[in-house]
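Visitor: Below you'll find work.cif; it's mmCIF, C-alpha atoms.
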```
data_model
loop_
_atom_site.group_PDB
_atom_site.id
_atom_site.type_symbol
_atom_site.label_atom_id
_atom_site.label_comp_id
_atom_site.auth_asym_id
_atom_site.auth_seq_id
_atom_site.Cartn_x
_atom_site.Cartn_y
_atom_site.Cartn_z
ATOM 1 C CA MET A 1 11.551 25.246 2.393
ATOM 2 C CA LYS A 2 15.306 24.794 1.976
ATOM 3 C CA LYS A 3 15.196 21.347 3.596
ATOM 4 C CA LEU A 4 12.311 20.380 1.315
ATOM 5 C CA ALA A 5 14.272 21.484 -1.752
ATOM 6 C CA ILE A 6 17.346 19.520 -0.663
ATOM 7 C CA ARG A 7 15.263 16.425 0.063
ATOM 8 C CA TYR A 8 13.704 16.319 -3.402
ATOM 9 C CA LEU A 9 16.752 17.551 -5.328
ATOM 10 C CA PRO A 10 17.759 13.993 -6.387
ATOM 11 C CA ILE A 11 14.334 13.508 -8.008
ATOM 12 C CA ALA A 12 14.723 16.756 -9.943
ATOM 13 C CA LEU A 13 18.205 15.721 -11.080
ATOM 14 C CA ILE A 14 16.924 12.351 -12.282
ATOM 15 C CA ILE A 15 14.190 14.082 -14.307
ATOM 16 C CA LEU A 16 16.716 16.508 -15.820
ATOM 17 C CA PHE A 17 19.080 13.679 -16.743
ATOM 18 C CA TRP A 18 16.140 11.718 -18.184
ATOM 19 C CA GLU A 19 15.191 14.667 -20.422
ATOM 20 C CA PHE A 20 18.792 15.310 -21.488
ATOM 21 C CA ALA A 21 19.585 11.653 -22.207
ATOM 22 C CA SER A 22 16.509 11.261 -24.382
ATOM 23 C CA ARG A 23 16.851 14.567 -26.260
ATOM 24 C CA ALA A 24 20.596 14.153 -26.807
ATOM 25 C CA GLY A 25 20.175 10.680 -28.250
ATOM 26 C CA LEU A 26 22.027 8.890 -25.466
ATOM 27 C CA VAL A 27 18.957 6.685 -25.199
ATOM 28 C CA SER A 28 16.549 6.057 -28.049
ATOM 29 C CA GLN A 29 13.234 7.862 -27.621
ATOM 30 C CA ASP A 30 11.552 4.688 -28.830
ATOM 31 C CA VAL A 31 12.771 3.066 -25.621
ATOM 32 C CA LEU A 32 12.706 6.056 -23.266
ATOM 33 C CA PRO A 33 10.603 9.041 -24.407
ATOM 34 C CA ALA A 34 11.683 12.441 -23.123
ATOM 35 C CA PHE A 35 10.128 13.481 -19.841
ATOM 36 C CA SER A 36 8.508 16.479 -21.532
ATOM 37 C CA ALA A 37 6.892 14.147 -24.100
ATOM 38 C CA VAL A 38 5.623 11.967 -21.266
ATOM 39 C CA MET A 39 4.076 15.018 -19.586
ATOM 40 C CA VAL A 40 2.393 16.049 -22.851
ATOM 41 C CA ARG A 41 0.912 12.562 -23.185
ATOM 42 C CA LEU A 42 -0.184 12.691 -19.547
ATOM 43 C CA TRP A 43 -2.034 15.930 -20.240
ATOM 44 C CA GLU A 44 -3.753 14.373 -23.251
ATOM 45 C CA LEU A 45 -4.885 11.341 -21.244
ATOM 46 C CA SER A 46 -6.064 13.541 -18.382
ATOM 47 C CA ALA A 47 -7.857 16.108 -20.568
ATOM 48 C CA GLY A 48 -9.826 13.347 -22.275
ATOM 49 C CA GLY A 49 -10.952 11.929 -18.940
ATOM 50 C CA GLU A 50 -9.346 8.538 -19.592
ATOM 51 C CA MET A 51 -6.801 8.872 -16.802
ATOM 52 C CA LEU A 52 -9.459 9.793 -14.240
ATOM 53 C CA VAL A 53 -11.475 6.658 -15.018
ATOM 54 C CA HIS A 54 -8.506 4.368 -14.458
ATOM 55 C CA VAL A 55 -7.236 6.224 -11.374
ATOM 56 C CA SER A 56 -10.705 6.055 -9.809
ATOM 57 C CA ALA A 57 -10.940 2.296 -10.435
ATOM 58 C CA SER A 58 -7.516 1.701 -8.878
ATOM 59 C CA LEU A 59 -8.193 3.880 -5.845
ATOM 60 C CA LEU A 60 -11.474 2.058 -5.203
ATOM 61 C CA ARG A 61 -9.725 -1.306 -5.259
ATOM 62 C CA ILE A 62 -6.760 -0.369 -3.106
ATOM 63 C CA SER A 63 -8.856 1.472 -0.510
ATOM 64 C CA SER A 64 -11.270 -1.471 -0.260
ATOM 65 C CA GLY A 65 -8.599 -4.177 -0.084
ATOM 66 C CA LEU A 66 -6.330 -2.294 2.303
ATOM 67 C CA GLY A 67 -9.274 -1.182 4.440
ATOM 68 C CA LEU A 68 -10.409 -4.784 4.856
ATOM 69 C CA GLY A 69 -6.838 -5.808 5.596
ATOM 70 C CA ILE A 70 -6.540 -3.182 8.345
ATOM 71 C CA ILE A 71 -9.813 -4.211 10.002
ATOM 72 C CA VAL A 72 -9.323 -7.970 9.819
ATOM 73 C CA GLY A 73 -5.551 -7.898 10.344
ATOM 74 C CA SER A 74 -5.739 -5.700 13.434
ATOM 75 C CA ALA A 75 -8.458 -7.863 14.975
ATOM 76 C CA LEU A 76 -6.530 -11.064 14.233
ATOM 77 C CA GLY A 77 -3.274 -9.677 15.592
ATOM 78 C CA PHE A 78 -4.806 -8.588 18.891
ATOM 79 C CA LEU A 79 -6.716 -11.881 19.131
ATOM 80 C CA LEU A 80 -3.535 -13.900 18.649
ATOM 81 C CA ALA A 81 -1.783 -11.852 21.321
ATOM 82 C CA ALA A 82 -4.625 -12.352 23.791
ATOM 83 C CA SER A 83 -5.508 -16.006 23.242
ATOM 84 C CA ILE A 84 -3.318 -19.101 23.307
ATOM 85 C CA THR A 85 -6.133 -21.052 21.653
ATOM 86 C CA ALA A 86 -6.254 -18.590 18.764
ATOM 87 C CA GLN A 87 -2.493 -18.888 18.343
ATOM 88 C CA ARG A 88 -2.738 -22.676 18.084
ATOM 89 C CA LEU A 89 -5.592 -22.507 15.567
ATOM 90 C CA ILE A 90 -4.577 -19.582 13.373
ATOM 91 C CA GLN A 91 -0.816 -19.046 13.640
ATOM 92 C CA PRO A 92 0.215 -22.199 11.710
ATOM 93 C CA THR A 93 -1.857 -21.076 8.717
ATOM 94 C CA LEU A 94 -0.385 -17.568 8.827
ATOM 95 C CA THR A 95 3.137 -18.967 9.138
ATOM 96 C CA PHE A 96 2.513 -21.207 6.125
ATOM 97 C CA LEU A 97 1.152 -18.346 4.001
ATOM 98 C CA TYR A 98 3.751 -15.737 4.983
ATOM 99 C CA PRO A 99 6.569 -16.769 2.570
ATOM 100 C CA LEU A 100 4.153 -17.372 -0.314
ATOM 101 C CA PRO A 101 4.408 -14.604 -2.961
ATOM 102 C CA LYS A 102 0.901 -13.157 -3.084
ATOM 103 C CA SER A 103 1.315 -12.325 -6.770
ATOM 104 C CA ALA A 104 1.395 -16.084 -7.412
ATOM 105 C CA LEU A 105 -2.227 -16.233 -6.268
ATOM 106 C CA ILE A 106 -3.449 -13.705 -8.846
ATOM 107 C CA PRO A 107 -4.319 -16.245 -11.611
ATOM 108 C CA VAL A 108 -6.067 -18.538 -9.112
ATOM 109 C CA ILE A 109 -8.097 -15.713 -7.583
ATOM 110 C CA ILE A 110 -9.090 -14.473 -11.053
ATOM 111 C CA ILE A 111 -10.328 -17.977 -11.903
ATOM 112 C CA TRP A 112 -12.373 -18.010 -8.686
ATOM 113 C CA LEU A 113 -13.695 -14.449 -8.712
ATOM 114 C CA GLY A 114 -13.527 -13.404 -12.360
ATOM 115 C CA PHE A 115 -12.293 -10.160 -13.890
ATOM 116 C CA GLY A 116 -14.273 -7.695 -11.763
ATOM 117 C CA ASN A 117 -13.145 -5.645 -8.788
ATOM 118 C CA SER A 118 -13.477 -8.605 -6.422
ATOM 119 C CA ALA A 119 -10.314 -10.334 -7.649
ATOM 120 C CA GLN A 120 -8.093 -7.267 -7.258
ATOM 121 C CA ILE A 121 -9.586 -6.427 -3.852
ATOM 122 C CA MET A 122 -8.992 -9.994 -2.648
ATOM 123 C CA VAL A 123 -5.367 -9.978 -3.828
ATOM 124 C CA ILE A 124 -4.696 -6.682 -2.030
ATOM 125 C CA PHE A 125 -6.508 -7.912 1.074
ATOM 126 C CA LEU A 126 -4.423 -11.090 1.282
ATOM 127 C CA GLY A 127 -1.186 -9.231 0.618
ATOM 128 C CA SER A 128 -1.822 -6.550 3.229
ATOM 129 C CA LEU A 129 -3.167 -8.913 5.873
ATOM 130 C CA LEU A 130 0.025 -10.512 7.189
ATOM 131 C CA PRO A 131 2.117 -7.358 7.816
ATOM 132 C CA ILE A 132 -0.801 -5.849 9.723
ATOM 133 C CA VAL A 133 -1.403 -9.021 11.746
ATOM 134 C CA LEU A 134 2.281 -9.163 12.692
ATOM 135 C CA GLY A 135 2.346 -5.476 13.580
ATOM 136 C CA ALA A 136 -0.690 -5.756 15.849
ATOM 137 C CA TYR A 137 0.528 -9.020 17.389
ATOM 138 C CA ASN A 138 4.076 -7.826 18.101
ATOM 139 C CA GLY A 139 2.805 -4.538 19.474
ATOM 140 C CA ALA A 140 0.275 -6.191 21.786
ATOM 141 C CA LYS A 141 2.729 -8.835 22.995
ATOM 142 C CA GLY A 142 5.260 -6.125 23.766
ATOM 143 C CA VAL A 143 2.971 -4.330 26.220
ATOM 144 C CA GLU A 144 4.377 -4.503 29.738
ATOM 145 C CA ASN A 145 2.231 -6.442 32.182
ATOM 146 C CA THR A 146 2.705 -3.739 34.783
ATOM 147 C CA LEU A 147 0.720 -1.327 32.607
ATOM 148 C CA VAL A 148 -2.179 -3.773 32.409
ATOM 149 C CA TRP A 149 -2.057 -4.495 36.141
ATOM 150 C CA SER A 150 -1.956 -0.781 36.934
ATOM 151 C CA ALA A 151 -5.028 -0.123 34.776
ATOM 152 C CA ARG A 152 -6.928 -2.979 36.397
ATOM 153 C CA SER A 153 -5.975 -1.812 39.882
ATOM 154 C CA LEU A 154 -7.363 1.645 39.050
ATOM 155 C CA GLY A 155 -10.741 0.129 38.194
ATOM 156 C CA ALA A 156 -10.523 -0.264 34.403
ATOM 157 C CA ASN A 157 -12.587 -3.124 33.002
ATOM 158 C CA ALA A 158 -11.415 -5.498 30.260
ATOM 159 C CA ILE A 159 -12.655 -3.316 27.381
ATOM 160 C CA GLU A 160 -11.153 -0.137 28.835
ATOM 161 C CA THR A 161 -7.856 -1.916 29.460
ATOM 162 C CA GLU A 162 -7.779 -3.235 25.906
ATOM 163 C CA TYR A 163 -8.389 0.193 24.369
ATOM 164 C CA GLN A 164 -6.606 2.541 26.782
ATOM 165 C CA VAL A 165 -3.547 0.372 27.441
ATOM 166 C CA ILE A 166 -2.967 -2.457 24.980
ATOM 167 C CA ILE A 167 -4.137 -0.869 21.723
ATOM 168 C CA ARG A 168 -2.492 2.483 22.438
ATOM 169 C CA ALA A 169 0.772 0.820 23.449
ATOM 170 C CA ALA A 170 0.670 -1.409 20.367
ATOM 171 C CA LEU A 171 -0.167 1.477 18.008
ATOM 172 C CA PRO A 172 3.413 2.209 16.810
ATOM 173 C CA ASP A 173 3.976 -1.401 15.710
ATOM 174 C CA LEU A 174 0.516 -1.617 14.170
ATOM 175 C CA LEU A 175 0.989 1.603 12.211
ATOM 176 C CA ALA A 176 4.402 0.408 10.995
ATOM 177 C CA GLY A 177 2.784 -2.808 9.748
ATOM 178 C CA ILE A 178 0.090 -0.816 7.948
ATOM 179 C CA ARG A 179 2.747 1.272 6.187
ATOM 180 C CA VAL A 180 4.413 -1.891 4.892
ATOM 181 C CA ALA A 181 0.997 -3.151 3.795
ATOM 182 C CA LEU A 182 0.330 0.135 1.993
ATOM 183 C CA ALA A 183 3.456 -0.281 -0.133
ATOM 184 C CA LEU A 184 2.665 -3.924 -0.884
ATOM 185 C CA SER A 185 -0.889 -2.976 -1.833
ATOM 186 C CA PHE A 186 0.304 -0.775 -4.686
ATOM 187 C CA VAL A 187 2.549 -3.534 -6.030
ATOM 188 C CA LEU A 188 -0.250 -6.106 -5.896
ATOM 189 C CA LEU A 189 -2.794 -3.653 -7.310
ATOM 190 C CA ILE A 190 -0.778 -2.969 -10.458
ATOM 191 C CA SER A 191 0.215 -6.627 -10.883
ATOM 192 C CA SER A 192 -3.364 -7.858 -10.598
ATOM 193 C CA GLU A 193 -4.724 -5.143 -12.906
ATOM 194 C CA MET A 194 -2.178 -6.023 -15.579
ATOM 195 C CA VAL A 195 -3.367 -9.627 -15.577
ATOM 196 C CA GLY A 196 -7.092 -9.513 -14.942
ATOM 197 C CA ALA A 197 -8.772 -6.111 -15.278
ATOM 198 C CA GLN A 198 -10.407 -3.967 -17.924
ATOM 199 C CA GLN A 199 -9.869 -0.733 -16.000
ATOM 200 C CA GLY A 200 -7.242 0.598 -13.624
ATOM 201 C CA MET A 201 -3.736 1.989 -13.809
ATOM 202 C CA GLY A 202 -2.106 -1.405 -14.210
ATOM 203 C CA PHE A 203 -4.400 -2.213 -17.124
ATOM 204 C CA LEU A 204 -3.740 1.203 -18.693
ATOM 205 C CA VAL A 205 0.057 0.857 -18.484
ATOM 206 C CA ALA A 206 -0.013 -2.663 -19.942
ATOM 207 C CA PHE A 207 -2.480 -1.657 -22.690
ATOM 208 C CA LEU A 208 -0.485 1.393 -23.781
ATOM 209 C CA GLY A 209 2.800 -0.516 -23.656
ATOM 210 C CA ASP A 210 1.411 -3.367 -25.782
ATOM 211 C CA GLY A 211 0.148 -0.784 -28.267
ATOM 212 C CA GLY A 212 3.549 0.873 -28.595
ATOM 213 C CA ASP A 213 2.469 4.094 -26.872
ATOM 214 C CA TYR A 214 5.538 4.275 -24.654
ATOM 215 C CA ALA A 215 5.039 7.931 -23.742
ATOM 216 C CA GLY A 216 1.565 7.039 -22.480
ATOM 217 C CA MET A 217 2.946 3.995 -20.694
ATOM 218 C CA PHE A 218 5.519 6.108 -18.864
ATOM 219 C CA ALA A 219 2.805 8.689 -18.129
ATOM 220 C CA GLY A 220 0.758 5.971 -16.436
ATOM 221 C CA ALA A 221 3.783 4.760 -14.486
ATOM 222 C CA PHE A 222 4.481 8.340 -13.413
ATOM 223 C CA VAL A 223 0.918 8.738 -12.128
ATOM 224 C CA ILE A 224 1.191 5.465 -10.202
ATOM 225 C CA SER A 225 4.429 6.629 -8.575
ATOM 226 C CA ALA A 226 2.938 10.035 -7.756
ATOM 227 C CA ILE A 227 -0.159 8.495 -6.148
ATOM 228 C CA GLY A 228 1.950 6.030 -4.157
ATOM 229 C CA PHE A 229 4.272 8.816 -3.012
ATOM 230 C CA ALA A 230 1.347 11.043 -1.992
ATOM 231 C CA ALA A 231 -0.298 8.151 -0.153
ATOM 232 C CA ASP A 232 2.884 7.435 1.797
ATOM 233 C CA ARG A 233 3.385 11.120 2.701
ATOM 234 C CA ALA A 234 -0.252 11.408 3.819
ATOM 235 C CA TYR A 235 0.071 8.246 5.878
ATOM 236 C CA LEU A 236 3.245 9.525 7.547
ATOM 237 C CA ALA A 237 1.392 12.715 8.505
ATOM 238 C CA LEU A 238 -1.402 10.591 9.999
ATOM 239 C CA TYR A 239 1.211 8.418 11.732
ATOM 240 C CA HIS A 240 2.802 11.392 13.483
ATOM 241 C CA HIS A 241 -0.620 12.818 14.334
ATOM 242 C CA LEU A 242 -1.773 9.606 16.015
ATOM 243 C CA LEU A 243 1.500 9.277 17.919
ATOM 244 C CA ARG A 244 1.796 12.933 18.894
ATOM 245 C CA TYR A 245 1.307 11.975 22.541
ATOM 246 C CA ARG A 246 4.673 10.174 22.433
ATOM 247 C CA GLU A 247 6.442 13.259 21.120
ATOM 248 C CA ALA A 248 4.784 15.347 23.833
#
```
Would it be possible to restate this file's structure as structure tokens?
Guide:
Amino acid sequence: MKKLAIRYLPIALIILFWEFASRAGLVSQDVLPAFSAVMVRLWELSAGGEMLVHVSASLLRISSGLGLGIIVGSALGFLLAASITAQRLIQPTLTFLYPLPKSALIPVIIIWLGFGNSAQIMVIFLGSLLPIVLGAYNGAKGVENTLVWSARSLGANAIETEYQVIIRAALPDLLAGIRVALALSFVLLISSEMVGAQQGMGFLVAFLGDGGDYAGMFAGAFVISAIGFAADRAYLALYHHLLRYREA
């Protein structure tokens, strides 16, 4: 409990300074509403059910886009590690797309797919794909050949070798890639919702900010940060659970 308090003490200090600076007039409340005012506005948005609608829309999009990215990215990464032909066919395209800011594709994807969930899901999928592909590929390529040969000599077939040796050995790198993709997914989710959505946390923050409701805008930003933080903590718990055999 003491370690937990020390770890999150800086966050508490930031909140206290935020409240003091706004109440004392160091910063205009028109620019930075007091934290207590933001929490009151958050309660109003939540009590009316408005916040739940937008949170639900955002969670649906990020879970769908990231889920697709994990499935396709993992498969592509392991395929690239296993096949020279796949590397020659696919790797140049991935290398070309890697430095491209995925947020730059948002207007194009909205033109193609419209203003529904499909556009946001596609943006998140494309943004999460490359870190996961690289994680799976680097993990699989880093597996020692002696482990594969040992499994084969003990009678394991190709499928058993892939699952019991290669995938398990590559799991740390794959999970690290997924964590990077998780963070990118939140950035792309909010960016895409601000531009081309009628629901979602990004839309809500932009709508309230344009309307001059800065307390509501900060309340939406606070909820986004809280959800992202909770998602990262939950993923870290899953990460340690899946890799508990290494600790043992």
Visitor: Given the file shown, enumerate the residues that the PyMOL selection byres ((chain A and resi 121-133) around 6) captures and present them as a list in words.
Guide: Arg61, Gly65, Leu66, Gly69, Gly73, Ser74, Gly77, Lys102, Ser118, Ala119, Gln120, Leu134, Gly135, Ala136, Tyr137, Gly177, Ile178, Ala181, Ser185 and Leu188 of chain A
Visitor: Keeping C-alpha atoms for every residue in the selection just given, could you write it to a file as a PDB file, keeping the file's coordinate frame?
Guide:
```
ATOM      1  CA  ARG A  61      -9.725  -1.306  -5.259  1.00  0.00           C
ATOM      2  CA  GLY A  65      -8.599  -4.177  -0.084  1.00  0.00           C
ATOM      3  CA  LEU A  66      -6.330  -2.294   2.303  1.00  0.00           C
ATOM      4  CA  GLY A  69      -6.838  -5.808   5.596  1.00  0.00           C
ATOM      5  CA  GLY A  73      -5.551  -7.898  10.344  1.00  0.00           C
ATOM      6  CA  SER A  74      -5.739  -5.700  13.434  1.00  0.00           C
ATOM      7  CA  GLY A  77      -3.274  -9.677  15.592  1.00  0.00           C
ATOM      8  CA  LYS A 102       0.901 -13.157  -3.084  1.00  0.00           C
ATOM      9  CA  SER A 118     -13.477  -8.605  -6.422  1.00  0.00           C
ATOM     10  CA  ALA A 119     -10.314 -10.334  -7.649  1.00  0.00           C
ATOM     11  CA  GLN A 120      -8.093  -7.267  -7.258  1.00  0.00           C
ATOM     12  CA  LEU A 134       2.281  -9.163  12.692  1.00  0.00           C
ATOM     13  CA  GLY A 135       2.346  -5.476  13.580  1.00  0.00           C
ATOM     14  CA  ALA A 136      -0.690  -5.756  15.849  1.00  0.00           C
ATOM     15  CA  TYR A 137       0.528  -9.020  17.389  1.00  0.00           C
ATOM     16  CA  GLY A 177       2.784  -2.808   9.748  1.00  0.00           C
ATOM     17  CA  ILE A 178       0.090  -0.816   7.948  1.00  0.00           C
ATOM     18  CA  ALA A 181       0.997  -3.151   3.795  1.00  0.00           C
ATOM     19  CA  SER A 185      -0.889  -2.976  -1.833  1.00  0.00           C
ATOM     20  CA  LEU A 188      -0.250  -6.106  -5.896  1.00  0.00           C
TER      21      LEU A 188
END
```
Visitor: Nearest to Leu242 in chain A among A:Pro92, A:Leu182, A:Pro10, A:Leu171, with distances taken over all atoms listed in the file: which residue is it?
Guide: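 For Leu242 in chain A, the nearest of the candidates is A:Leu171.
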Visitor: So how far away is CA of Ser46 in chain A from CA of Asp213 in chain A, in Å?
Guide: 15.3 Å
Visitor: As a check of understanding, name the residues that the PyMOL selection byres ((chain A and resi 51) around 12) selects in the supplied structure, as a count of residues only.
Guide: 32
Visitor: Could you expand the PyMOL selection byres ((chain A and resi 18-33) around 12) into the explicit residues it covers here, written as an mmCIF file with C-alpha atoms, in the frame of the given file?
Guide:
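The resulting file, part05.cif, is reproduced below:
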```cif
data_model
loop_
_atom_site.group_PDB
_atom_site.id
_atom_site.type_symbol
_atom_site.label_atom_id
_atom_site.label_comp_id
_atom_site.auth_asym_id
_atom_site.auth_seq_id
_atom_site.Cartn_x
_atom_site.Cartn_y
_atom_site.Cartn_z
ATOM 1 C CA ILE A 11 14.334 13.508 -8.008
ATOM 2 C CA ALA A 12 14.723 16.756 -9.943
ATOM 3 C CA LEU A 13 18.205 15.721 -11.080
ATOM 4 C CA ILE A 14 16.924 12.351 -12.282
ATOM 5 C CA ILE A 15 14.190 14.082 -14.307
ATOM 6 C CA LEU A 16 16.716 16.508 -15.820
ATOM 7 C CA PHE A 17 19.080 13.679 -16.743
ATOM 8 C CA ALA A 34 11.683 12.441 -23.123
ATOM 9 C CA PHE A 35 10.128 13.481 -19.841
ATOM 10 C CA SER A 36 8.508 16.479 -21.532
ATOM 11 C CA ALA A 37 6.892 14.147 -24.100
ATOM 12 C CA VAL A 38 5.623 11.967 -21.266
ATOM 13 C CA MET A 39 4.076 15.018 -19.586
ATOM 14 C CA VAL A 40 2.393 16.049 -22.851
ATOM 15 C CA ARG A 41 0.912 12.562 -23.185
ATOM 16 C CA GLY A 209 2.800 -0.516 -23.656
ATOM 17 C CA GLY A 212 3.549 0.873 -28.595
ATOM 18 C CA ASP A 213 2.469 4.094 -26.872
ATOM 19 C CA TYR A 214 5.538 4.275 -24.654
ATOM 20 C CA ALA A 215 5.039 7.931 -23.742
ATOM 21 C CA GLY A 216 1.565 7.039 -22.480
ATOM 22 C CA MET A 217 2.946 3.995 -20.694
ATOM 23 C CA PHE A 218 5.519 6.108 -18.864
ATOM 24 C CA ALA A 219 2.805 8.689 -18.129
#
```
Visitor: Provide the CA of Ser103 in chain A to CA of Ile227 in chain A distance in Å, to one decimal place.
Guide: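 Taking CA of Ser103 in chain A as the start and CA of Ile227 in chain A as the end point, the length is 20.9 Å.
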Visitor: Quick one: distance from CA of Gln91 in chain A to CA of Phe78 in chain A in Å, one decimal?
Guide: 12.4 Å
